[in-house]
Each structure stands twice: as C-alpha cells, then as structure tokens.
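Raw query.cif, mmCIF, C-alpha atoms:
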```
data_final
#
loop_
_atom_site.group_PDB
_atom_site.id
_atom_site.type_symbol
_atom_site.label_atom_id
_atom_site.label_comp_id
_atom_site.auth_asym_id
_atom_site.auth_seq_id
_atom_site.Cartn_x
_atom_site.Cartn_y
_atom_site.Cartn_z
ATOM 1 C CA SER A 1 66.676 68.249 -45.082
ATOM 2 C CA GLN A 2 68.908 70.418 -47.241
ATOM 3 C CA GLN A 3 67.186 73.634 -48.188
ATOM 4 C CA GLY A 4 70.047 75.433 -49.887
ATOM 5 C CA GLU A 5 71.595 74.132 -53.062
ATOM 6 C CA GLU A 6 74.837 75.814 -53.984
ATOM 7 C CA ASP A 7 76.447 76.292 -57.325
ATOM 8 C CA PRO A 8 79.178 75.725 -58.271
ATOM 9 C CA GLN A 9 80.395 73.017 -55.904
ATOM 10 C CA ALA A 10 83.971 74.097 -56.529
ATOM 11 C CA LEU A 11 85.508 77.243 -57.990
ATOM 12 C CA SER A 12 89.150 77.979 -58.782
ATOM 13 C CA ILE A 13 90.262 81.511 -59.682
ATOM 14 C CA GLN A 14 93.361 83.696 -59.710
ATOM 15 C CA GLU A 15 94.046 86.393 -57.137
ATOM 16 C CA GLY A 16 92.432 89.663 -58.114
ATOM 17 C CA GLU A 17 89.521 88.035 -59.929
ATOM 18 C CA ASN A 18 85.949 88.120 -58.673
ATOM 19 C CA ALA A 19 84.235 85.007 -57.321
ATOM 20 C CA THR A 20 80.493 84.444 -57.555
ATOM 21 C CA MET A 21 78.628 81.714 -55.707
ATOM 22 C CA ASN A 22 74.940 80.984 -55.998
ATOM 23 C CA CYS A 23 72.409 79.495 -53.605
ATOM 24 C CA SER A 24 68.874 78.323 -54.293
ATOM 25 C CA TYR A 25 66.278 77.366 -51.718
ATOM 26 C CA LYS A 26 62.776 75.957 -51.639
ATOM 27 C CA THR A 27 60.523 77.582 -49.045
ATOM 28 C CA SER A 28 59.726 81.018 -47.631
ATOM 29 C CA ILE A 29 62.428 82.438 -45.417
ATOM 30 C CA ASN A 30 62.960 85.099 -42.769
ATOM 31 C CA ASN A 31 66.528 85.685 -43.846
ATOM 32 C CA LEU A 32 69.465 84.109 -45.662
ATOM 33 C CA GLN A 33 72.967 84.015 -44.253
ATOM 34 C CA TRP A 34 76.387 83.276 -45.708
ATOM 35 C CA TYR A 35 79.130 81.591 -43.708
ATOM 36 C CA ARG A 36 82.746 80.789 -44.404
ATOM 37 C CA GLN A 37 84.678 77.718 -43.245
ATOM 38 C CA ASN A 38 88.413 77.288 -43.424
ATOM 39 C CA SER A 39 89.528 73.687 -43.672
ATOM 40 C CA GLY A 40 88.990 71.777 -40.429
ATOM 41 C CA ARG A 41 87.600 74.796 -38.584
ATOM 42 C CA GLY A 42 84.250 76.099 -37.404
ATOM 43 C CA LEU A 43 82.074 78.374 -39.507
ATOM 44 C CA VAL A 44 82.312 82.147 -39.401
ATOM 45 C CA HIS A 45 79.333 84.344 -40.186
ATOM 46 C CA LEU A 46 79.860 86.716 -43.112
ATOM 47 C CA ILE A 47 76.620 88.482 -43.892
ATOM 48 C CA LEU A 48 72.857 88.263 -43.335
ATOM 49 C CA ILE A 49 70.226 89.519 -45.740
ATOM 50 C CA ARG A 50 66.609 89.822 -44.695
ATOM 51 C CA SER A 51 63.762 88.622 -46.886
ATOM 52 C CA ASN A 52 62.697 92.228 -47.608
ATOM 53 C CA GLU A 53 66.187 93.256 -48.745
ATOM 54 C CA ARG A 54 67.517 92.816 -52.272
ATOM 55 C CA GLU A 55 71.205 93.631 -51.903
ATOM 56 C CA LYS A 56 73.714 94.057 -49.135
ATOM 57 C CA HIS A 57 77.402 94.954 -49.011
ATOM 58 C CA SER A 58 80.124 94.291 -46.490
ATOM 59 C CA GLY A 59 83.661 95.219 -47.484
ATOM 60 C CA ARG A 60 84.536 93.142 -50.559
ATOM 61 C CA LEU A 61 81.350 91.062 -50.203
ATOM 62 C CA ARG A 62 78.143 91.715 -52.076
ATOM 63 C CA VAL A 63 75.054 89.579 -51.495
ATOM 64 C CA THR A 64 71.859 89.660 -53.510
ATOM 65 C CA LEU A 65 68.536 88.014 -52.753
ATOM 66 C CA ASP A 66 65.717 87.329 -55.193
ATOM 67 C CA THR A 67 62.787 85.918 -53.248
ATOM 68 C CA SER A 68 60.694 85.462 -56.399
ATOM 69 C CA LYS A 69 63.332 83.066 -57.739
ATOM 70 C CA LYS A 70 64.269 81.775 -54.277
ATOM 71 C CA SER A 71 67.927 82.417 -54.934
ATOM 72 C CA SER A 72 70.875 84.362 -53.588
ATOM 73 C CA SER A 73 74.372 85.102 -54.765
ATOM 74 C CA LEU A 74 77.583 85.963 -52.961
ATOM 75 C CA LEU A 75 80.167 88.000 -54.843
ATOM 76 C CA ILE A 76 83.695 88.377 -53.518
ATOM 77 C CA THR A 77 85.525 91.117 -55.375
ATOM 78 C CA ALA A 78 89.293 91.367 -55.875
ATOM 79 C CA SER A 79 89.846 87.950 -54.330
ATOM 80 C CA ARG A 80 92.922 87.104 -52.273
ATOM 81 C CA ALA A 81 94.627 83.802 -51.516
ATOM 82 C CA ALA A 82 93.326 84.180 -47.949
ATOM 83 C CA ASP A 83 89.764 83.934 -49.289
ATOM 84 C CA THR A 84 90.392 80.238 -50.006
ATOM 85 C CA ALA A 85 87.716 78.435 -47.995
ATOM 86 C CA SER A 86 84.302 76.794 -48.271
ATOM 87 C CA TYR A 87 81.310 79.091 -48.367
ATOM 88 C CA PHE A 88 77.853 78.051 -47.191
ATOM 89 C CA CYS A 89 74.469 79.648 -47.477
ATOM 90 C CA ALA A 90 71.956 79.034 -44.711
ATOM 91 C CA THR A 91 68.272 79.843 -44.645
ATOM 92 C CA ASP A 92 66.122 80.716 -41.673
ATOM 93 C CA GLU A 93 62.676 79.383 -42.549
ATOM 94 C CA TYR A 94 59.380 80.789 -41.303
ATOM 95 C CA ASN A 95 58.025 79.190 -38.130
ATOM 96 C CA GLN A 96 61.041 76.963 -37.602
ATOM 97 C CA GLY A 97 62.222 78.547 -34.378
ATOM 98 C CA GLY A 98 65.407 80.032 -35.740
ATOM 99 C CA LYS A 99 66.836 76.806 -37.109
ATOM 100 C CA LEU A 100 69.199 77.305 -40.007
ATOM 101 C CA ILE A 101 69.307 74.942 -42.947
ATOM 102 C CA PHE A 102 72.671 74.843 -44.662
ATOM 103 C CA GLY A 103 73.563 74.195 -48.249
ATOM 104 C CA GLN A 104 76.368 71.848 -49.223
ATOM 105 C CA GLY A 105 78.772 74.681 -49.871
ATOM 106 C CA THR A 106 81.058 76.018 -52.562
ATOM 107 C CA GLU A 107 84.747 75.269 -52.210
ATOM 108 C CA LEU A 108 86.688 78.321 -53.380
ATOM 109 C CA SER A 109 90.368 78.147 -54.251
ATOM 110 C CA VAL A 110 92.175 81.414 -54.969
ATOM 111 C CA LYS A 111 95.584 80.912 -56.534
ATOM 112 C CA PRO A 112 98.301 83.497 -55.923
ATOM 113 C CA ASP B 113 87.137 86.795 -23.821
ATOM 114 C CA GLY B 114 83.739 85.706 -25.183
ATOM 115 C CA GLY B 115 83.290 82.668 -27.337
ATOM 116 C CA ILE B 116 82.230 79.106 -27.788
ATOM 117 C CA THR B 117 84.543 76.221 -27.028
ATOM 118 C CA GLN B 118 84.453 72.547 -27.885
ATOM 119 C CA SER B 119 86.503 69.744 -26.468
ATOM 120 C CA PRO B 120 88.273 67.585 -27.261
ATOM 121 C CA LYS B 121 89.530 68.658 -30.696
ATOM 122 C CA TYR B 122 90.111 65.034 -31.713
ATOM 123 C CA LEU B 123 88.369 62.000 -30.262
ATOM 124 C CA PHE B 124 88.827 58.332 -30.981
ATOM 125 C CA ARG B 125 86.241 55.772 -30.027
ATOM 126 C CA LYS B 126 86.051 52.042 -30.205
ATOM 127 C CA GLU B 127 82.941 50.521 -31.672
ATOM 128 C CA GLY B 128 80.265 49.977 -29.054
ATOM 129 C CA GLN B 129 81.360 52.835 -26.805
ATOM 130 C CA ASN B 130 79.425 55.950 -25.960
ATOM 131 C CA VAL B 131 81.343 59.228 -26.060
ATOM 132 C CA THR B 132 80.405 62.722 -24.946
ATOM 133 C CA LEU B 133 81.449 65.889 -26.758
ATOM 134 C CA SER B 134 81.616 69.076 -24.760
ATOM 135 C CA CYS B 135 80.292 72.486 -25.853
ATOM 136 C CA GLU B 136 80.466 75.598 -23.664
ATOM 137 C CA GLN B 137 79.611 79.209 -24.447
ATOM 138 C CA ASN B 138 79.985 82.433 -22.478
ATOM 139 C CA LEU B 139 78.065 84.602 -24.936
ATOM 140 C CA ASN B 140 74.888 84.514 -22.814
ATOM 141 C CA HIS B 141 73.055 82.939 -25.759
ATOM 142 C CA ASP B 142 69.776 81.156 -25.149
ATOM 143 C CA ALA B 143 69.975 78.868 -28.186
ATOM 144 C CA MET B 144 72.531 76.150 -28.838
ATOM 145 C CA TYR B 145 72.904 73.689 -31.696
ATOM 146 C CA TRP B 146 74.788 70.553 -32.679
ATOM 147 C CA TYR B 147 75.651 69.808 -36.301
ATOM 148 C CA ARG B 148 77.363 66.960 -38.052
ATOM 149 C CA GLN B 149 79.539 67.544 -41.108
ATOM 150 C CA ASP B 150 80.784 64.780 -43.381
ATOM 151 C CA PRO B 151 83.636 65.302 -45.875
ATOM 152 C CA GLY B 152 82.678 67.661 -48.683
ATOM 153 C CA GLN B 153 79.195 68.108 -47.259
ATOM 154 C CA GLY B 154 77.158 70.794 -45.608
ATOM 155 C CA LEU B 155 75.981 70.789 -42.019
ATOM 156 C CA ARG B 156 73.141 68.612 -40.797
ATOM 157 C CA LEU B 157 71.324 69.492 -37.595
ATOM 158 C CA ILE B 158 71.401 66.846 -34.865
ATOM 159 C CA TYR B 159 69.743 68.574 -31.889
ATOM 160 C CA TYR B 160 69.007 72.109 -30.823
ATOM 161 C CA SER B 161 67.916 73.863 -27.654
ATOM 162 C CA GLN B 162 66.330 77.271 -27.355
ATOM 163 C CA ILE B 163 66.142 77.383 -23.578
ATOM 164 C CA VAL B 164 67.539 75.587 -20.562
ATOM 165 C CA ASN B 165 65.962 72.193 -19.835
ATOM 166 C CA ASP B 166 64.401 71.982 -23.293
ATOM 167 C CA PHE B 167 65.710 70.619 -26.593
ATOM 168 C CA GLN B 168 64.366 69.338 -29.910
ATOM 169 C CA LYS B 169 65.497 66.762 -32.423
ATOM 170 C CA GLY B 170 66.984 67.947 -35.661
ATOM 171 C CA ASP B 171 67.140 66.075 -38.939
ATOM 172 C CA ILE B 172 69.508 63.294 -37.843
ATOM 173 C CA ALA B 173 68.953 62.750 -34.097
ATOM 174 C CA GLU B 174 68.985 58.946 -34.137
ATOM 175 C CA GLY B 175 71.920 57.552 -32.152
ATOM 176 C CA TYR B 176 72.595 60.856 -30.361
ATOM 177 C CA SER B 177 71.458 62.371 -27.078
ATOM 178 C CA VAL B 178 71.849 65.780 -25.447
ATOM 179 C CA SER B 179 71.133 67.625 -22.222
ATOM 180 C CA ARG B 180 70.752 71.308 -21.412
ATOM 181 C CA GLU B 181 70.981 71.662 -17.652
ATOM 182 C CA LYS B 182 72.856 74.959 -17.793
ATOM 183 C CA LYS B 183 72.580 77.870 -20.191
ATOM 184 C CA GLU B 184 76.305 77.740 -20.938
ATOM 185 C CA SER B 185 76.582 74.035 -21.690
ATOM 186 C CA PHE B 186 75.105 71.673 -24.289
ATOM 187 C CA PRO B 187 76.941 68.316 -24.298
ATOM 188 C CA LEU B 188 76.327 65.783 -27.058
ATOM 189 C CA THR B 189 76.579 62.030 -26.456
ATOM 190 C CA VAL B 190 77.233 59.819 -29.439
ATOM 191 C CA THR B 191 75.833 56.442 -28.486
ATOM 192 C CA SER B 192 76.671 52.973 -29.757
ATOM 193 C CA ALA B 193 73.362 53.098 -31.638
ATOM 194 C CA GLN B 194 74.853 55.606 -34.091
ATOM 195 C CA LYS B 195 76.005 53.327 -36.896
ATOM 196 C CA ASN B 196 78.363 55.682 -38.677
ATOM 197 C CA PRO B 197 79.625 58.217 -36.132
ATOM 198 C CA THR B 198 82.937 59.158 -37.760
ATOM 199 C CA ALA B 199 82.469 62.841 -38.672
ATOM 200 C CA PHE B 200 83.271 66.432 -37.756
ATOM 201 C CA TYR B 201 80.917 67.762 -35.063
ATOM 202 C CA LEU B 202 80.191 71.460 -34.732
ATOM 203 C CA CYS B 203 78.448 73.243 -31.902
ATOM 204 C CA ALA B 204 76.912 76.693 -32.296
ATOM 205 C CA SER B 205 75.013 79.215 -30.222
ATOM 206 C CA SER B 206 72.849 82.210 -30.975
ATOM 207 C CA GLY B 207 70.291 84.590 -29.595
ATOM 208 C CA THR B 208 66.646 83.918 -30.373
ATOM 209 C CA GLY B 209 65.839 87.072 -32.339
ATOM 210 C CA ARG B 210 64.840 86.897 -36.008
ATOM 211 C CA THR B 211 68.159 88.215 -37.241
ATOM 212 C CA ASP B 212 70.458 86.491 -34.806
ATOM 213 C CA THR B 213 73.398 84.734 -36.402
ATOM 214 C CA GLN B 214 75.065 81.601 -35.140
ATOM 215 C CA TYR B 215 78.512 81.529 -33.577
ATOM 216 C CA PHE B 216 80.406 78.301 -34.069
ATOM 217 C CA GLY B 217 82.948 76.453 -32.002
ATOM 218 C CA PRO B 218 86.130 75.024 -33.564
ATOM 219 C CA GLY B 219 84.682 71.525 -33.881
ATOM 220 C CA THR B 220 85.478 68.012 -32.669
ATOM 221 C CA ARG B 221 86.657 65.369 -35.112
ATOM 222 C CA LEU B 222 85.391 61.968 -34.000
ATOM 223 C CA THR B 223 86.912 58.807 -35.423
ATOM 224 C CA VAL B 224 85.645 55.324 -34.699
ATOM 225 C CA LEU B 225 88.411 52.741 -34.675
#
```
As structure tokens, how would this structure be written, given the file I've shared?
Amino acid sequence: SQQGEEDPQALSIQEGENATMNCSYKTSINNLQWYRQNSGRGLVHLILIRSNEREKHSGRLRVTLDTSKKSSSLLITASRAADTASYFCATDEYNQGGKLIFGQGTELSVKP
Amino acid sequence: DGGITQSPKYLFRKEGQNVTLSCEQNLNHDAMYWYRQDPGQGLRLIYYSQIVNDFQKGDIAEGYSVSREKKESFPLTVTSAQKNPTAFYLCASSGTGRTDTQYFGPGTRLTVL
C-alpha cells in the first residue's frame, strides 16, 4: 500500500532557485522521513521529522509537517545541479513495527 | 568501513529459474528490509525482518522468499512463481528505535530474459 502521495511528480528548475516538494499521507504516523535517490542508486536518508514537530532544518533543507492536514513539504533552497535526483517521503505508521511506506517520489531536475 | 552491500549489481535470469540476491550489513542493525522498485515508481516492501530467525511478509511477498539465519545477512530468492520479476531490488537495514532511519544498499537490477 502506498501511504505517501507526492506532488509534483516531476519538477524542473534553474540553479539557484528553490525547489518545493509536497507529500500527503493517510494515517497517523510516528514520524515522516525524506530520502534522496540518484539514478540507479540506493536511497540516502535526508531528514526525519517527528509527529510532534512542525519544522526542521538541515543545511539547505527545510521540512515542515502538518499532522492536521496529513501533509509535509521539503524545501531545497539555492538549488544546485548536484541536487538533481528523485526525492521520496516515507511514513512510519503507528503499530507497524518500524515499517516505512514510501511515496512514488518527485523527480527533480536542476539545470545549470 | 560500515555499510550495507548488495550483490550482484546486475543479474540476468532465464524464465523458470530461481535466483538469490545477496544483502549483507555490518552496521549491527537488528532490522533488515527488501524493496522492489519499478521504473518511475516508489518502493514497495517485499519482506522484512526485525530479528534473527524471524521475518514478515510485506505488501508484495508472493513469488519471493527470504531467510534470516544471521544478523548480518538477509538474502532474497526470486522464485519462478514471481510472474514479473524484472525490477530494481533494494535492501535496507535499520535499528528498531522509533526514530531509526533506514540505510540502503546500492541495489541489484534483475532482468528476466
């Protein structure tokens, strides 16, 4: 089952611009995580936000979580060509033993 | 050098054959996971294990089997019963705390000829 629905499916921007990706989910969660995947590679964890947190920062990344709307957003500021990748949200649902449910991802292309 | 490894990177299989994908981790993680990824799609959970000698089915377990005889190893067998096995397979491991994140291997691309 796919819990996270991501929007947009694809995003193309110029270097230096900001990129915003959104994720919606359906059930109560312990936390929400964002991962990055370069083409043909494994996923790399970016940031985790707990259900009792509303905003979190890590370098050029800013994540927000609105549990009342069951949604999260990932903002990448001052994007670089090296940020080109697919970005996935994943939710850790209550009482599911730590399983993560991944969205279908947003494919980000940053043009130099 | 800690990490999670998968082998082989590319695997070709003839129809009707079983194949086994290897996943090893030296992160001392209790939990391990297998995912399948199809082009342009997210990850779907095949099997997961939270402790040695125990594992549970994920969302798409049919046609797959696993074992967890050692903490470090979680091999996945793609059987001939899996009707559409061509995909990218990712293995991951994690601790079992509420804020533990998953560490992924580099993946195995399986193609059925």
Q: Specify as a ChimeraX atom specification all residues of chain A found within 10 Å of chain B, counting only C-alpha atoms.
A: /A:1-2,4-5,9,30-35,40-50,86-90,92,94,97-107
Selection export as an mmCIF file, in the frame of the given file, atoms kept: C-alpha atoms:
```cif
data_model
loop_
_atom_site.group_PDB
_atom_site.id
_atom_site.type_symbol
_atom_site.label_atom_id
_atom_site.label_comp_id
_atom_site.auth_asym_id
_atom_site.auth_seq_id
_atom_site.Cartn_x
_atom_site.Cartn_y
_atom_site.Cartn_z
ATOM 1 C CA SER A 1 66.676 68.249 -45.082
ATOM 2 C CA GLN A 2 68.908 70.418 -47.241
ATOM 3 C CA GLY A 4 70.047 75.433 -49.887
ATOM 4 C CA GLU A 5 71.595 74.132 -53.062
ATOM 5 C CA GLN A 9 80.395 73.017 -55.904
ATOM 6 C CA ASN A 30 62.960 85.099 -42.769
ATOM 7 C CA ASN A 31 66.528 85.685 -43.846
ATOM 8 C CA LEU A 32 69.465 84.109 -45.662
ATOM 9 C CA GLN A 33 72.967 84.015 -44.253
ATOM 10 C CA TRP A 34 76.387 83.276 -45.708
ATOM 11 C CA TYR A 35 79.130 81.591 -43.708
ATOM 12 C CA GLY A 40 88.990 71.777 -40.429
ATOM 13 C CA ARG A 41 87.600 74.796 -38.584
ATOM 14 C CA GLY A 42 84.250 76.099 -37.404
ATOM 15 C CA LEU A 43 82.074 78.374 -39.507
ATOM 16 C CA VAL A 44 82.312 82.147 -39.401
ATOM 17 C CA HIS A 45 79.333 84.344 -40.186
ATOM 18 C CA LEU A 46 79.860 86.716 -43.112
ATOM 19 C CA ILE A 47 76.620 88.482 -43.892
ATOM 20 C CA LEU A 48 72.857 88.263 -43.335
ATOM 21 C CA ILE A 49 70.226 89.519 -45.740
ATOM 22 C CA ARG A 50 66.609 89.822 -44.695
ATOM 23 C CA SER A 86 84.302 76.794 -48.271
ATOM 24 C CA TYR A 87 81.310 79.091 -48.367
ATOM 25 C CA PHE A 88 77.853 78.051 -47.191
ATOM 26 C CA CYS A 89 74.469 79.648 -47.477
ATOM 27 C CA ALA A 90 71.956 79.034 -44.711
ATOM 28 C CA ASP A 92 66.122 80.716 -41.673
ATOM 29 C CA TYR A 94 59.380 80.789 -41.303
ATOM 30 C CA GLY A 97 62.222 78.547 -34.378
ATOM 31 C CA GLY A 98 65.407 80.032 -35.740
ATOM 32 C CA LYS A 99 66.836 76.806 -37.109
ATOM 33 C CA LEU A 100 69.199 77.305 -40.007
ATOM 34 C CA ILE A 101 69.307 74.942 -42.947
ATOM 35 C CA PHE A 102 72.671 74.843 -44.662
ATOM 36 C CA GLY A 103 73.563 74.195 -48.249
ATOM 37 C CA GLN A 104 76.368 71.848 -49.223
ATOM 38 C CA GLY A 105 78.772 74.681 -49.871
ATOM 39 C CA THR A 106 81.058 76.018 -52.562
ATOM 40 C CA GLU A 107 84.747 75.269 -52.210
#
```
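Note that CA of Ala199 in chain B and CA of Glu184 in chain B are 24.0 Å apart.
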(Q) Please compute the CA of Phe167 in chain B-CA of Gly128 in chain B distance, one decimal, in Å. (A) 25.4 Å
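Note that the spacing between CA of Leu139 in chain B and CA of Thr189 in chain B amounts to 22.7 Å.
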For Asn18 in chain A: contacts at 6 Å, only C-alpha atoms, fewer than 4 positions along chain excluded, given as a PDB file with C-alpha atoms, in the coordinates of the input:
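The resulting file, out_30.pdb, is shown below:
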```
ATOM      1  CA  ILE A  76      83.695  88.377 -53.518  1.00  0.00           C
ATOM      2  CA  THR A  77      85.525  91.117 -55.375  1.00  0.00           C
ATOM      3  CA  ALA A  78      89.293  91.367 -55.875  1.00  0.00           C
ATOM      4  CA  SER A  79      89.846  87.950 -54.330  1.00  0.00           C
TER       5      SER A  79
END
```
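Applied to the file shown here, the PyMOL selection byres ((chain B and resi 137) around 9) selects the residues Gly114, Gly115, Ile116, Thr117, Gln118, Cys135, Glu136, Asn138, Leu139, Asn140, His141, Met144, Lys183, Glu184, Ser185, Phe186, Ala204, Ser205 and Gly217 of chain B.
Once only C-alpha atoms are considered, the residues situated within 10 Å of the file point (68.6, 88.4, -54.0) turn out to be Asn22, Cys23, Leu32, Ile49, Arg50, Ser51, Asn52, Glu53, Arg54, Glu55, Lys56, Val63, Thr64, Leu65, Asp66, Thr67, Ser68, Lys69, Lys70, Ser71, Ser72, Ser73 and Leu74 of chain A.
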Q. If you count only C-alpha atoms, which residues fall within 9 Å of Lys126 in chain B, apart from same-chain ones fewer than 2 positions away, as a PyMOL selection string?
A. chain B and resi 124+128-130+223-225
Using all atoms listed in the file, which residues sit within 9 Å of Glu181 in chain B once same-chain residues fewer than 5 positions away are excluded, as an mmCIF file with C-alpha atoms, keeping the file's coordinate frame?
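File produced: around02.cif:
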```
data_model
loop_
_atom_site.group_PDB
_atom_site.id
_atom_site.type_symbol
_atom_site.label_atom_id
_atom_site.label_comp_id
_atom_site.auth_asym_id
_atom_site.auth_seq_id
_atom_site.Cartn_x
_atom_site.Cartn_y
_atom_site.Cartn_z
ATOM 1 C CA VAL B 164 67.539 75.587 -20.562
ATOM 2 C CA ASN B 165 65.962 72.193 -19.835
ATOM 3 C CA ASP B 166 64.401 71.982 -23.293
ATOM 4 C CA PHE B 186 75.105 71.673 -24.289
#
```
**Q.** Selection: 10 Å around Ala19 in chain A, only C-alpha atoms, excl. self and same-chain fewer than 3 positions, as JSON, numbers by chain
**A.** {"A": [11, 12, 13, 14, 15, 16, 61, 74, 75, 76, 77, 78, 79, 83, 108, 109, 110]}
Reconstruct range 77-95 of chain A at the level of N, CA, C and O atoms, and format the result as a CSV table (one decimal), in the coordinates of the input.
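Generated file (out34.csv):
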```csv
chain,number,residue,atom,x,y,z
A,77,THR,N,84.8,90.4,-54.4
A,77,THR,CA,85.5,91.1,-55.4
A,77,THR,C,87.0,91.1,-55.0
A,77,THR,O,87.4,91.0,-53.9
A,78,ALA,N,87.8,91.3,-56.1
A,78,ALA,CA,89.3,91.4,-55.9
A,78,ALA,C,89.8,90.3,-54.9
A,78,ALA,O,90.4,90.6,-53.9
A,79,SER,N,89.6,89.0,-55.3
A,79,SER,CA,89.8,88.0,-54.3
A,79,SER,C,91.3,87.9,-54.0
A,79,SER,O,92.2,88.3,-54.7
A,80,ARG,N,91.6,87.3,-52.8
A,80,ARG,CA,92.9,87.1,-52.3
A,80,ARG,C,93.1,85.6,-51.9
A,80,ARG,O,92.1,84.9,-51.7
A,81,ALA,N,94.4,85.2,-51.9
A,81,ALA,CA,94.6,83.8,-51.5
A,81,ALA,C,94.0,83.4,-50.2
A,81,ALA,O,93.5,82.3,-50.0
A,82,ALA,N,93.9,84.4,-49.3
A,82,ALA,CA,93.3,84.2,-47.9
A,82,ALA,C,91.8,83.9,-48.0
A,82,ALA,O,91.2,83.5,-47.0
A,83,ASP,N,91.2,84.2,-49.1
A,83,ASP,CA,89.8,83.9,-49.3
A,83,ASP,C,89.5,82.5,-49.6
A,83,ASP,O,88.3,82.0,-49.6
A,84,THR,N,90.5,81.7,-49.8
A,84,THR,CA,90.4,80.2,-50.0
A,84,THR,C,89.7,79.6,-48.8
A,84,THR,O,90.2,79.6,-47.7
A,85,ALA,N,88.5,79.0,-49.1
A,85,ALA,CA,87.7,78.4,-48.0
A,85,ALA,C,86.5,77.8,-48.6
A,85,ALA,O,86.3,77.9,-49.9
A,86,SER,N,85.6,77.2,-47.8
A,86,SER,CA,84.3,76.8,-48.3
A,86,SER,C,83.3,77.8,-47.8
A,86,SER,O,83.4,78.3,-46.7
A,87,TYR,N,82.3,78.1,-48.7
A,87,TYR,CA,81.3,79.1,-48.4
A,87,TYR,C,79.9,78.4,-48.4
A,87,TYR,O,79.6,77.7,-49.3
A,88,PHE,N,79.2,78.7,-47.3
A,88,PHE,CA,77.9,78.1,-47.2
A,88,PHE,C,76.8,79.1,-47.1
A,88,PHE,O,76.9,80.1,-46.4
A,89,CYS,N,75.6,78.8,-47.8
A,89,CYS,CA,74.5,79.6,-47.5
A,89,CYS,C,73.6,78.9,-46.5
A,89,CYS,O,73.7,77.7,-46.4
A,90,ALA,N,72.8,79.6,-45.7
A,90,ALA,CA,72.0,79.0,-44.7
A,90,ALA,C,70.7,79.8,-44.7
A,90,ALA,O,70.7,81.1,-44.7
A,91,THR,N,69.5,79.1,-44.7
A,91,THR,CA,68.3,79.8,-44.6
A,91,THR,C,67.6,79.6,-43.3
A,91,THR,O,67.6,78.6,-42.7
A,92,ASP,N,66.9,80.7,-42.9
A,92,ASP,CA,66.1,80.7,-41.7
A,92,ASP,C,64.7,80.7,-42.1
A,92,ASP,O,64.1,81.7,-42.6
A,93,GLU,N,64.0,79.5,-42.0
A,93,GLU,CA,62.7,79.4,-42.5
A,93,GLU,C,61.6,79.9,-41.6
A,93,GLU,O,61.8,80.0,-40.4
A,94,TYR,N,60.5,80.3,-42.1
A,94,TYR,CA,59.4,80.8,-41.3
A,94,TYR,C,59.0,79.7,-40.3
A,94,TYR,O,58.9,78.5,-40.7
A,95,ASN,N,58.6,80.1,-39.1
A,95,ASN,CA,58.0,79.2,-38.1
A,95,ASN,C,58.9,78.0,-37.8
A,95,ASN,O,58.3,76.9,-37.5
```
